[in-house]
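File shown here: input-v6.txt, holding compact mmCIF, C-alpha atoms.
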# COMPACT_ATOMS: atom_id res chain seq x y z
CA MET A 1 -15.39 1.67 2.92
CA GLU A 2 -12.19 3.69 3.29
CA LEU A 3 -10.77 5.25 0.14
CA GLY A 4 -7.08 6.01 -0.15
CA VAL A 5 -4.08 6.69 -2.31
CA PHE A 6 -0.67 5.06 -2.16
CA THR A 7 2.59 5.73 -3.96
CA PHE A 8 6.09 4.41 -4.47
CA ALA A 9 7.19 7.98 -5.22
CA ASP A 10 8.79 7.18 -8.56
CA VAL A 11 11.87 9.20 -9.53
CA ASP A 12 13.73 9.54 -12.80
CA PRO A 13 16.22 6.62 -12.99
CA SER A 14 18.10 8.03 -15.99
CA ASP A 15 21.88 8.14 -15.97
CA GLY A 16 23.56 11.51 -15.63
CA ILE A 17 20.97 13.29 -13.50
CA ASP A 18 21.62 14.87 -10.10
CA ARG A 19 20.01 12.21 -7.90
CA GLY A 20 19.98 14.40 -4.82
CA ARG A 21 18.14 17.21 -6.59
CA GLU A 22 15.73 14.75 -8.21
CA ALA A 23 14.99 13.18 -4.81
CA GLU A 24 14.49 16.61 -3.24
CA ARG A 25 12.00 17.56 -5.95
CA ARG A 26 10.08 14.33 -5.57
CA MET A 27 9.96 14.60 -1.79
CA LYS A 28 8.40 18.06 -2.03
CA ASP A 29 5.87 16.74 -4.55
CA LEU A 30 5.07 13.81 -2.25
CA MET A 31 4.33 16.09 0.69
CA GLU A 32 2.06 18.12 -1.58
CA GLU A 33 0.16 14.97 -2.60
CA ILE A 34 -0.37 13.86 1.00
CA ARG A 35 -1.52 17.32 2.11
CA LEU A 36 -4.01 17.48 -0.75
CA ALA A 37 -5.33 13.98 -0.03
CA ASP A 38 -6.00 15.12 3.53
CA ASP A 39 -7.59 18.39 2.40
CA VAL A 40 -10.06 16.66 0.04
CA GLY A 41 -11.17 14.19 2.72
CA LEU A 42 -9.59 10.91 1.66
CA ASP A 43 -9.22 8.33 4.40
CA VAL A 44 -5.69 6.97 4.05
CA PHE A 45 -2.36 7.63 2.31
CA GLY A 46 0.28 4.94 1.89
CA VAL A 47 3.99 5.13 1.06
CA GLY A 48 5.97 2.11 -0.11
CA GLU A 49 9.47 1.03 0.95
CA HIS A 50 12.01 0.38 -1.81
CA HIS A 51 15.77 0.32 -2.22
CA ARG A 52 16.07 0.99 -5.94
CA VAL A 53 17.17 3.84 -8.18
CA ASP A 54 13.64 4.33 -9.57
CA TYR A 55 11.83 4.84 -6.24
CA LEU A 56 12.36 7.55 -3.65
CA VAL A 57 11.35 6.14 -0.27
CA SER A 58 13.56 3.72 1.66
CA SER A 59 12.07 4.67 5.06
CA PRO A 60 8.28 5.11 4.97
CA ALA A 61 8.12 6.03 8.66
CA THR A 62 10.44 9.00 8.09
CA VAL A 63 8.29 10.34 5.27
CA LEU A 64 5.07 9.71 7.18
CA ALA A 65 6.47 11.49 10.24
CA GLY A 66 6.94 14.56 8.06
CA ALA A 67 3.44 14.13 6.65
CA ALA A 68 2.00 13.81 10.17
CA THR A 69 3.00 17.40 10.92
CA VAL A 70 1.21 18.87 7.87
CA THR A 71 -2.03 16.82 7.91
CA LYS A 72 -4.98 16.62 10.27
CA ASN A 73 -7.25 13.68 9.57
CA ILE A 74 -5.87 11.25 6.99
CA ARG A 75 -4.48 7.91 8.18
CA LEU A 76 -0.80 7.37 7.33
CA THR A 77 0.48 3.91 6.44
CA SER A 78 3.43 2.15 4.91
CA ALA A 79 2.53 0.41 1.67
CA VAL A 80 4.45 -1.73 2.43
CA SER A 81 7.11 -2.07 5.13
CA ILE A 82 9.47 -4.88 4.09
CA LEU A 83 9.43 -6.60 7.44
CA SER A 84 11.60 -9.55 6.37
CA SER A 85 14.72 -7.39 6.05
CA ASP A 86 14.01 -4.95 8.87
CA ASP A 87 14.10 -5.13 12.65
CA PRO A 88 10.62 -5.37 14.21
CA VAL A 89 11.73 -3.43 17.29
CA ARG A 90 12.76 -0.46 15.16
CA VAL A 91 9.68 -0.76 12.93
CA PHE A 92 7.46 -0.59 16.00
CA GLN A 93 9.39 2.31 17.52
CA LEU A 94 9.35 4.32 14.30
CA PHE A 95 5.65 3.85 13.64
CA SER A 96 4.83 4.52 17.28
CA SER A 97 6.63 7.83 16.78
CA VAL A 98 4.53 8.55 13.67
CA ASP A 99 1.45 7.68 15.71
CA LEU A 100 2.43 10.16 18.40
CA LEU A 101 3.17 12.91 15.87
CA SER A 102 -0.16 12.31 14.12
CA SER A 103 -2.30 11.94 17.27
CA GLY A 104 -3.14 8.34 16.47
CA ARG A 105 -3.23 8.06 12.66
CA ALA A 106 -0.34 5.67 11.93
CA GLU A 107 -0.55 2.17 10.50
CA ILE A 108 1.90 -0.52 9.45
CA MET A 109 1.23 -2.48 6.28
CA ALA A 110 3.63 -5.40 6.60
CA GLY A 111 4.69 -7.45 3.59
CA ARG A 112 7.52 -9.34 2.04
CA GLY A 113 7.68 -6.95 -0.90
CA SER A 114 7.93 -7.68 -4.62
CA PHE A 115 11.63 -6.78 -4.92
CA ILE A 116 14.68 -8.41 -3.37
CA GLU A 117 17.21 -5.55 -3.11
CA SER A 118 16.74 -5.13 0.64
CA PHE A 119 17.99 -8.66 1.39
CA PRO A 120 21.62 -8.29 0.24
CA LEU A 121 21.59 -4.65 1.33
CA PHE A 122 20.92 -5.57 4.95
CA GLY A 123 22.69 -8.93 4.94
CA TYR A 124 19.76 -11.35 4.92
CA PRO A 125 19.77 -14.59 2.90
CA LEU A 126 17.06 -14.64 0.27
CA GLU A 127 16.53 -18.37 0.80
CA ALA A 128 15.25 -17.54 4.32
CA TYR A 129 12.51 -15.36 2.80
CA ASP A 130 9.57 -17.17 4.42
CA GLU A 131 11.14 -17.80 7.82
CA LEU A 132 12.27 -14.19 8.11
CA PHE A 133 8.79 -12.83 7.51
CA SER A 134 7.06 -15.33 9.77
CA GLU A 135 9.37 -14.80 12.73
CA LYS A 136 9.59 -11.04 12.40
CA LEU A 137 5.84 -10.69 12.11
CA ASP A 138 5.51 -12.79 15.27
CA LEU A 139 7.92 -10.49 17.10
CA LEU A 140 6.23 -7.31 15.82
CA LEU A 141 2.85 -8.51 17.09
CA ASN A 142 4.42 -9.53 20.42
CA ILE A 143 5.85 -6.02 20.83
CA ARG A 144 2.52 -4.52 19.86
CA GLU A 145 0.72 -6.45 22.60
CA ASN A 146 3.32 -6.25 25.37
CA GLU A 147 5.36 -3.41 26.84
CA LYS A 148 7.89 -5.97 28.12
CA VAL A 149 8.85 -8.59 25.56
CA THR A 150 10.34 -12.05 25.88
CA TRP A 151 10.91 -13.70 22.50
CA SER A 152 13.32 -16.03 20.74
CA GLY A 153 13.72 -17.29 17.19
CA ASN A 154 16.26 -18.19 14.53
CA THR A 155 16.50 -14.90 12.61
CA ARG A 156 17.22 -12.39 15.36
CA ALA A 157 18.82 -12.17 18.80
CA PRO A 158 16.35 -13.10 21.58
CA LEU A 159 14.69 -10.62 23.91
CA ALA A 160 14.34 -11.35 27.64
CA ASP A 161 11.81 -9.19 29.50
CA GLN A 162 12.93 -6.23 27.38
CA SER A 163 10.89 -3.01 27.36
CA VAL A 164 10.12 -1.38 24.00
CA TYR A 165 9.34 2.35 23.83
CA PRO A 166 7.74 4.65 22.85
CA ARG A 167 4.23 3.23 23.04
CA PRO A 168 1.72 4.52 20.47
CA VAL A 169 -1.50 6.46 20.98
CA GLN A 170 -3.47 3.64 19.36
CA ASN A 171 -3.63 0.42 21.33
CA PRO A 172 -3.09 -1.73 19.43
CA LEU A 173 -1.17 0.01 16.66
CA PRO A 174 -2.91 -1.16 13.45
CA VAL A 175 -1.02 -3.77 11.42
CA TRP A 176 -2.32 -4.94 8.04
CA ILE A 177 -0.87 -7.82 6.03
CA ALA A 178 -0.15 -6.96 2.40
CA ALA A 179 -0.02 -9.92 0.02
CA GLY A 180 0.11 -10.75 -3.65
CA GLY A 181 -1.73 -13.99 -4.24
CA THR A 182 -0.46 -16.92 -2.20
CA PRO A 183 -3.11 -18.82 -0.20
CA GLN A 184 -0.62 -19.32 2.64
CA SER A 185 -0.35 -15.55 3.16
CA MET A 186 -4.14 -15.23 3.27
CA ALA A 187 -4.45 -18.04 5.81
CA ARG A 188 -1.67 -16.58 7.96
CA ALA A 189 -3.34 -13.17 8.11
CA GLY A 190 -6.65 -14.75 9.04
CA PHE A 191 -5.16 -17.06 11.66
CA LEU A 192 -3.50 -14.04 13.31
CA GLY A 193 -6.71 -12.00 13.17
CA LEU A 194 -5.12 -9.29 10.99
CA PRO A 195 -6.72 -7.26 8.21
CA LEU A 196 -5.58 -8.17 4.69
CA ILE A 197 -4.92 -6.07 1.60
CA ILE A 198 -4.24 -7.75 -1.75
CA ALA A 199 -2.32 -6.07 -4.57
CA ILE A 200 -4.11 -6.58 -7.87
CA LEU A 201 -1.89 -5.66 -10.79
CA GLY A 202 -3.15 -7.84 -13.64
CA GLY A 203 -5.78 -10.25 -14.88
CA GLN A 204 -9.38 -10.19 -13.68
CA PRO A 205 -9.67 -8.86 -10.13
CA ARG A 206 -12.66 -11.07 -9.29
CA ARG A 207 -10.40 -14.14 -9.40
CA PHE A 208 -8.94 -12.96 -6.07
CA ALA A 209 -12.27 -13.40 -4.27
CA PRO A 210 -11.51 -16.98 -3.10
CA LEU A 211 -8.35 -15.70 -1.40
CA PHE A 212 -10.41 -13.42 0.81
CA ASP A 213 -12.56 -16.44 1.63
CA ILE A 214 -9.43 -18.29 2.82
CA HIS A 215 -8.55 -15.28 5.00
CA ARG A 216 -11.98 -15.14 6.57
CA GLN A 217 -12.29 -18.90 7.12
CA ALA A 218 -8.86 -19.08 8.78
CA GLY A 219 -9.76 -16.17 11.05
CA LEU A 220 -13.08 -17.61 12.09
CA GLN A 221 -11.56 -21.04 12.75
CA ALA A 222 -8.95 -19.35 14.97
CA GLY A 223 -11.76 -17.71 16.94
CA HIS A 224 -11.24 -14.11 15.85
CA ASP A 225 -13.94 -11.46 15.78
CA PRO A 226 -15.09 -11.11 12.14
CA ALA A 227 -14.86 -7.31 12.55
CA LYS A 228 -11.07 -7.66 12.80
CA LEU A 229 -10.83 -9.49 9.48
CA LYS A 230 -10.99 -6.39 7.30
CA ARG A 231 -10.17 -6.68 3.62
CA GLY A 232 -8.81 -4.27 1.06
CA ILE A 233 -7.32 -4.13 -2.42
CA SER A 234 -4.63 -1.94 -3.93
CA VAL A 235 -4.60 -1.23 -7.65
CA HIS A 236 -2.97 0.83 -10.37
CA GLY A 237 -5.11 3.47 -11.99
CA PHE A 238 -5.66 7.05 -12.97
CA LEU A 239 -8.38 9.65 -12.93
CA ALA A 240 -9.04 12.68 -15.10
CA ASP A 241 -12.05 14.64 -16.29
CA THR A 242 -12.71 12.04 -19.02
CA ALA A 243 -11.69 8.42 -19.54
CA GLU A 244 -9.87 9.31 -22.75
CA GLU A 245 -7.81 11.97 -21.01
CA ALA A 246 -7.00 9.66 -18.10
CA ALA A 247 -5.80 6.91 -20.44
CA ASP A 248 -3.69 9.27 -22.54
CA ILE A 249 -1.98 10.74 -19.46
CA PHE A 250 -1.35 7.42 -17.72
CA PHE A 251 -0.41 5.02 -20.52
CA GLU A 252 3.14 6.10 -21.34
CA PRO A 253 4.45 6.57 -17.74
CA GLN A 254 2.81 3.32 -16.62
CA LYS A 255 4.12 1.45 -19.67
CA ALA A 256 7.66 2.69 -18.99
CA VAL A 257 7.51 1.18 -15.50
CA MET A 258 5.93 -2.11 -16.54
CA ASP A 259 8.33 -2.53 -19.47
CA ARG A 260 11.32 -1.82 -17.23
CA LEU A 261 10.14 -4.45 -14.74
CA GLY A 262 9.35 -6.76 -17.63
CA ARG A 263 12.96 -6.63 -18.80
CA GLU A 264 14.03 -7.65 -15.29
CA ARG A 265 11.45 -10.41 -14.92
CA GLY A 266 11.06 -11.78 -18.40
CA TRP A 267 7.75 -10.55 -19.73
CA GLY A 268 7.17 -8.64 -22.95
CA PRO A 269 6.42 -4.95 -23.50
CA GLN A 270 2.90 -3.68 -22.91
CA SER A 271 0.82 -2.62 -25.90
CA ARG A 272 -1.83 0.10 -25.95
CA ALA A 273 -4.41 -2.56 -26.86
CA GLN A 274 -3.55 -4.52 -23.69
CA PHE A 275 -3.73 -1.35 -21.65
CA ASP A 276 -7.11 -0.38 -23.06
CA ALA A 277 -8.49 -3.86 -22.45
CA SER A 278 -7.37 -3.70 -18.81
CA MET A 279 -9.41 -0.51 -18.38
CA GLY A 280 -12.63 -2.40 -18.98
CA PRO A 281 -15.09 -3.47 -16.26
CA GLU A 282 -13.33 -6.81 -15.75
CA GLY A 283 -9.77 -5.47 -16.04
CA ALA A 284 -7.23 -4.69 -13.34
CA LEU A 285 -6.59 -1.05 -14.28
CA PHE A 286 -8.87 1.52 -12.63
CA VAL A 287 -8.53 4.26 -15.24
CA GLY A 288 -11.31 6.63 -16.23
CA GLY A 289 -13.37 9.69 -15.49
CA PRO A 290 -14.99 10.20 -12.08
CA GLU A 291 -18.17 8.22 -12.77
CA ASP A 292 -16.24 5.40 -14.48
CA LEU A 293 -13.97 5.02 -11.49
CA ALA A 294 -16.77 5.30 -8.94
CA ARG A 295 -18.80 2.55 -10.62
CA LYS A 296 -15.82 0.23 -10.93
CA ILE A 297 -14.87 0.73 -7.27
CA VAL A 298 -18.44 0.00 -6.14
CA ALA A 299 -18.62 -3.09 -8.35
CA HIS A 300 -15.48 -4.48 -6.73
CA GLN A 301 -16.62 -3.54 -3.25
CA ARG A 302 -19.61 -5.77 -3.89
CA ILE A 303 -17.47 -8.60 -5.25
CA PHE A 304 -15.07 -8.61 -2.30
CA GLY A 305 -16.94 -6.93 0.56
CA LEU A 306 -14.15 -4.38 0.82
CA ASP A 307 -13.37 -2.28 3.86
CA ARG A 308 -10.60 -0.36 2.08
CA PHE A 309 -9.76 0.55 -1.52
CA MET A 310 -6.38 2.06 -2.40
CA ILE A 311 -5.18 3.32 -5.76
CA GLN A 312 -1.72 4.23 -7.07
CA PHE A 313 -1.96 7.22 -9.41
CA ALA A 314 1.74 8.09 -9.72
CA VAL A 315 2.98 4.99 -11.55
CA GLY A 316 6.06 6.21 -13.35
CA LEU A 317 6.76 9.83 -14.11
CA VAL A 318 3.20 11.14 -14.32
CA PRO A 319 3.26 14.97 -14.37
CA GLN A 320 2.67 16.36 -10.88
CA ALA A 321 -0.16 18.66 -11.94
CA GLN A 322 -2.10 15.69 -13.31
CA VAL A 323 -1.44 13.61 -10.15
CA LEU A 324 -2.78 16.43 -7.98
CA HIS A 325 -5.83 16.79 -10.20
CA ALA A 326 -6.48 13.04 -9.92
CA ILE A 327 -6.27 13.20 -6.11
CA GLU A 328 -8.62 16.18 -6.05
CA LEU A 329 -11.15 14.45 -8.29
CA PHE A 330 -10.88 11.29 -6.19
CA GLY A 331 -11.70 13.12 -2.99
CA LYS A 332 -14.23 15.65 -4.27
CA ARG A 333 -16.03 13.73 -7.03
CA VAL A 334 -15.42 9.99 -6.79
CA ALA A 335 -15.59 9.49 -3.02
CA PRO A 336 -19.05 11.10 -2.65
CA MET A 337 -20.39 9.08 -5.60
CA VAL A 338 -19.02 5.83 -4.18
CA ARG A 339 -20.54 6.48 -0.76
CA GLU A 340 -23.89 7.43 -2.27
CA MET A 341 -23.99 4.33 -4.50
CA LEU A 342 -23.12 2.04 -1.61
CA ALA A 343 -25.67 3.68 0.68
CA ASP A 344 -28.45 3.52 -1.92
CA GLY A 345 -27.62 0.06 -3.24
CA GLU A 346 -27.52 1.61 -6.70
CA PRO A 347 -26.86 -0.94 -9.48
CA VAL A 348 -23.57 -0.59 -11.35
Output the file's structure in the form of structure tokens.
Amino acid sequence: MELGVFTFADVDPSDGIDRGREAERRMKDLMEEIRLADDVGLDVFGVGEHHRVDYLVSSPATVLAGAATVTKNIRLTSAVSILSSDDPVRVFQLFSSVDLLSSGRAEIMAGRGSFIESFPLFGYPLEAYDELFSEKLDLLLNIRENEKVTWSGNTRAPLADQSVYPRPVQNPLPVWIAAGGTPQSMARAGFLGLPLIIAILGGQPRRFAPLFDIHRQAGLQAGHDPAKLKRGISVHGFLADTAEEAADIFFEPQKAVMDRLGRERGWGPQSRAQFDASMGPEGALFVGGPEDLARKIVAHQRIFGLDRFMIQFAVGLVPQAQVLHAIELFGKRVAPMVREMLADGEPV
């Protein structure tokens, strides 16, 4: 199982700050996080695309291109690329460029995203949400498979025997589907023979297991090799030397984010009691000391049959020193324990 970290690169959204300086600071911190994740032997680092005041990265490929030049082994992925409001030709070209810079370590994690700001920003109607994603995913996969592309649809100008360059080192360039919880998304990923990663942000994670079954069944019915139907989850969490320390560091920054989103979406503020309950074995938050986190990861690998596990440590304005310590612990302490438990079949 691959172990990785992803981030939205949160920035301070307060009024009156110098946004350029804040973004510059966060970009330097982000490069430091990716370098460290590579140094401690983690498998993958993901960067999300957003177009909001509270998140830094609007172009994951640009950031990952920079990271490609200062890392050696770690895979570099978007988490996610909002394909519905982007151009698949440019997405492919940009990630092919990252692949070339990284000697074959780039990936695209394609999704529709959980925010809508990119639609008015780039002039796409929100009511075409589903059609945009379906058609643009079809075009992206067509480009991935063919150097010369002929394609037509309703959401973009057609292509007639058009060449798309540069071509990546990896053939094919890896594309994962990132989804929240809709059965249709699971079935689509399976039908196309694409790996699937599900974001688990609340409730009991095990309730997502039937969605992976839909993915696998759709893939097998479409005749795809089961080895292509990889599965992963992405979660919020934090890691420190003890569970108490991890919870105390993570609660307030994470609460600030969830409460801000709650005001936008109509849910109430998070309490410490809710947070603590979500840290438990059946909860969605992966917060604890190294052994706590390792055991919870292994338990969920066994529930889902995971090929990839990704965790977001920097939810909100978590101090950089603590984020770096969490990444170091993840690579040096948790990853070896997880691999040993899985190899030995150790009960959790």
Against region 195-219 of chain A, which residues of region 33-151 of chain A fall within 12 Å? For each one I want the closest pair of atoms and the distance in Å (one decimal), counting all atoms listed in the file, rows by chain and increasing residue number, as a tab-separated table.
residue	atom	partner	partner_atom	distance
A:Ala79	CA	A:Ile197	CA	9.9
A:Val80	CA	A:Ile197	CA	10.4
A:Glu107	CA	A:Pro195	CA	11.5
A:Ile108	CA	A:Pro195	CA	11.0
A:Met109	CA	A:Ile197	CA	8.5
A:Ala110	CA	A:Leu196	CA	9.8
A:Gly111	CA	A:Ile197	CA	9.9
A:Gly113	CA	A:Ala199	CA	10.7
A:Ser114	CA	A:Ala199	CA	10.4
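Put simply, CA of Val298 (chain A) is 6.8 Å away from CA of Leu342 (chain A).
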> Within 7 Å of Gly289 (chain A), counting only C-alpha atoms, which residues qualify if same-chain residues fewer than 5 places away don't, as a VMD selection string?
Replying inline: chain A and resid 239 to 243 246
>> Just to confirm, what's the straight-line distance from CA of Gln170 (chain A) to CA of Thr62 (chain A) in Å (one decimal)?
In response: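 If I compute the distance from CA of Gln170 (chain A) to CA of Thr62 (chain A), I get 18.7 Å.
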Taking 2 positions as the minimum chain separation for residues in the same chain, which residues sit within 10 Å of Ser58 (chain A) when counting all atoms listed in the file? Answer as a PDB file with C-alpha atoms, in the coordinates of the input.
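What ended up in part29.pdb:
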ATOM      1  CA  PHE A   8       6.090   4.410  -4.470  1.00  0.00           C
ATOM      2  CA  VAL A  47       3.990   5.130   1.060  1.00  0.00           C
ATOM      3  CA  GLY A  48       5.970   2.110  -0.110  1.00  0.00           C
ATOM      4  CA  GLU A  49       9.470   1.030   0.950  1.00  0.00           C
ATOM      5  CA  HIS A  50      12.010   0.380  -1.810  1.00  0.00           C
ATOM      6  CA  HIS A  51      15.770   0.320  -2.220  1.00  0.00           C
ATOM      7  CA  ARG A  52      16.070   0.990  -5.940  1.00  0.00           C
ATOM      8  CA  TYR A  55      11.830   4.840  -6.240  1.00  0.00           C
ATOM      9  CA  LEU A  56      12.360   7.550  -3.650  1.00  0.00           C
ATOM     10  CA  PRO A  60       8.280   5.110   4.970  1.00  0.00           C
ATOM     11  CA  ALA A  61       8.120   6.030   8.660  1.00  0.00           C
ATOM     12  CA  THR A  62      10.440   9.000   8.090  1.00  0.00           C
ATOM     13  CA  VAL A  63       8.290  10.340   5.270  1.00  0.00           C
ATOM     14  CA  SER A  81       7.110  -2.070   5.130  1.00  0.00           C
ATOM     15  CA  ILE A  82       9.470  -4.880   4.090  1.00  0.00           C
ATOM     16  CA  SER A 118      16.740  -5.130   0.640  1.00  0.00           C
TER      17      SER A 118
END
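CA of Ile177 (chain A) to CA of Val70 (chain A) spans 26.8 Å [interatomic distance, one decimal].
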>> So that I can see what lies close to region 232-236 of chain A, please list as an MDAnalysis selection string the residues with an atom at most 9 Å from it, counting all atoms listed in the file and leaving out residues fewer than 4 positions away in the same chain.
In response: chainID A and resid 2 5:6 195:201 254 284:287 301 304:315
> Which of these, A:Val149, A:Leu126, A:Ala247, A:Val175, has the shortest distance to Ser278 (chain A) once you count only C-alpha atoms?
Replying inline: A:Ala247
>> Residues within 12 Å of (-20.9, 5.6, -1.1), file coordinates, counting only C-alpha atoms: what are they? Give the list as a list in words.
In response: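 Residues with an atom at most 12 Å from (-20.9, 5.6, -1.1): Met1, Glu2, Leu3, Ala294, Arg295, Ile297, Val298, Ala299, Gln301, Arg302, Asp307, Arg333, Val334, Ala335, Pro336, Met337, Val338, Arg339, Glu340, Met341, Leu342, Ala343, Asp344, Gly345 and Glu346 of chain A.
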Put a box with edges along x, y and z around all the listed atoms of region 47-51 of chain A, pad it by 3 Å on each side, then give me its centre and sizes in Å, one decimal, as AutoDock Vina command-line options.
--center_x 9.9 --center_y 2.7 --center_z -0.6 --size_x 17.8 --size_y 10.8 --size_z 9.3
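Closest to Thr7 (chain A) among A:Leu317, A:Leu220, A:Leu173, A:Leu100 is A:Leu317, based on all atoms listed in the file.
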>> For a quick check of understanding, using all atoms listed in the file, which of A:Asp87, A:Asp161, A:Glu131, A:Asp225 has the smallest distance to Phe191 (chain A)?
In response: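 When distances to Phe191 (chain A) are compared using all atoms listed in the file, the smallest one comes from A:Asp225.
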>> When you count all atoms listed in the file, which of these residues is closest to Arg156 (chain A): A:Asp12, A:Glu135, A:Glu127, A:Asp29?
In response: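 Of the candidates, the smallest distance to Arg156 (chain A) is held by A:Glu135.
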> A:Pro120, A:Gly181, A:Pro168, A:Pro125: which is nearest Arg105 (chain A), counting all atoms listed in the file?
Replying inline: A:Pro168
>> With distances taken over all atoms listed in the file, which residue among A:Ser14, A:Gly331, A:Gly190, A:Val323 lies nearest Leu30 (chain A)?
In response: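 Using all atoms listed in the file, Leu30 (chain A) sits closest to A:Val323.
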>> Residues within 8 Å of Ala65 (chain A), please, as a list in words. Count only C-alpha atoms; anything in the same chain fewer than 5 positions from it doesn't count.
In response: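 The filter keeps Ser97, Val98, Leu101 and Ser102 of chain A.
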>> I'd like the contact shell of region 264-273 of chain A - 12 Å cut-off, all atoms listed in the file, skipping same-chain residues fewer than 4 positions apart - returned as a VMD selection string.
In response: chain A and resid 114 to 116 202 247 to 248 250 to 260 277 to 280
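Within 12 Å of the point (14.2, -13.7, 20.0), counting all atoms listed in the file, the protein and nucleic acid residues come to A:Asp87, A:Pro88, A:Val89, A:Glu135, A:Lys136, A:Leu137, A:Asp138, A:Leu139, A:Leu140, A:Asn142, A:Ile143, A:Val149, A:Thr150, A:Trp151, A:Ser152, A:Gly153, A:Asn154, A:Thr155, A:Arg156, A:Ala157, A:Pro158, A:Leu159, A:Ala160, A:Asp161, A:Gln162.
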Resulting file, chosen residues, C-alpha atoms, as a compact mmCIF listing (two decimals), in the frame of the given file:
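That gives us out_33.txt:
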# COMPACT_ATOMS: atom_id res chain seq x y z
CA ASP A 87 14.10 -5.13 12.65
CA PRO A 88 10.62 -5.37 14.21
CA VAL A 89 11.73 -3.43 17.29
CA GLU A 135 9.37 -14.80 12.73
CA LYS A 136 9.59 -11.04 12.40
CA LEU A 137 5.84 -10.69 12.11
CA ASP A 138 5.51 -12.79 15.27
CA LEU A 139 7.92 -10.49 17.10
CA LEU A 140 6.23 -7.31 15.82
CA ASN A 142 4.42 -9.53 20.42
CA ILE A 143 5.85 -6.02 20.83
CA VAL A 149 8.85 -8.59 25.56
CA THR A 150 10.34 -12.05 25.88
CA TRP A 151 10.91 -13.70 22.50
CA SER A 152 13.32 -16.03 20.74
CA GLY A 153 13.72 -17.29 17.19
CA ASN A 154 16.26 -18.19 14.53
CA THR A 155 16.50 -14.90 12.61
CA ARG A 156 17.22 -12.39 15.36
CA ALA A 157 18.82 -12.17 18.80
CA PRO A 158 16.35 -13.10 21.58
CA LEU A 159 14.69 -10.62 23.91
CA ALA A 160 14.34 -11.35 27.64
CA ASP A 161 11.81 -9.19 29.50
CA GLN A 162 12.93 -6.23 27.38
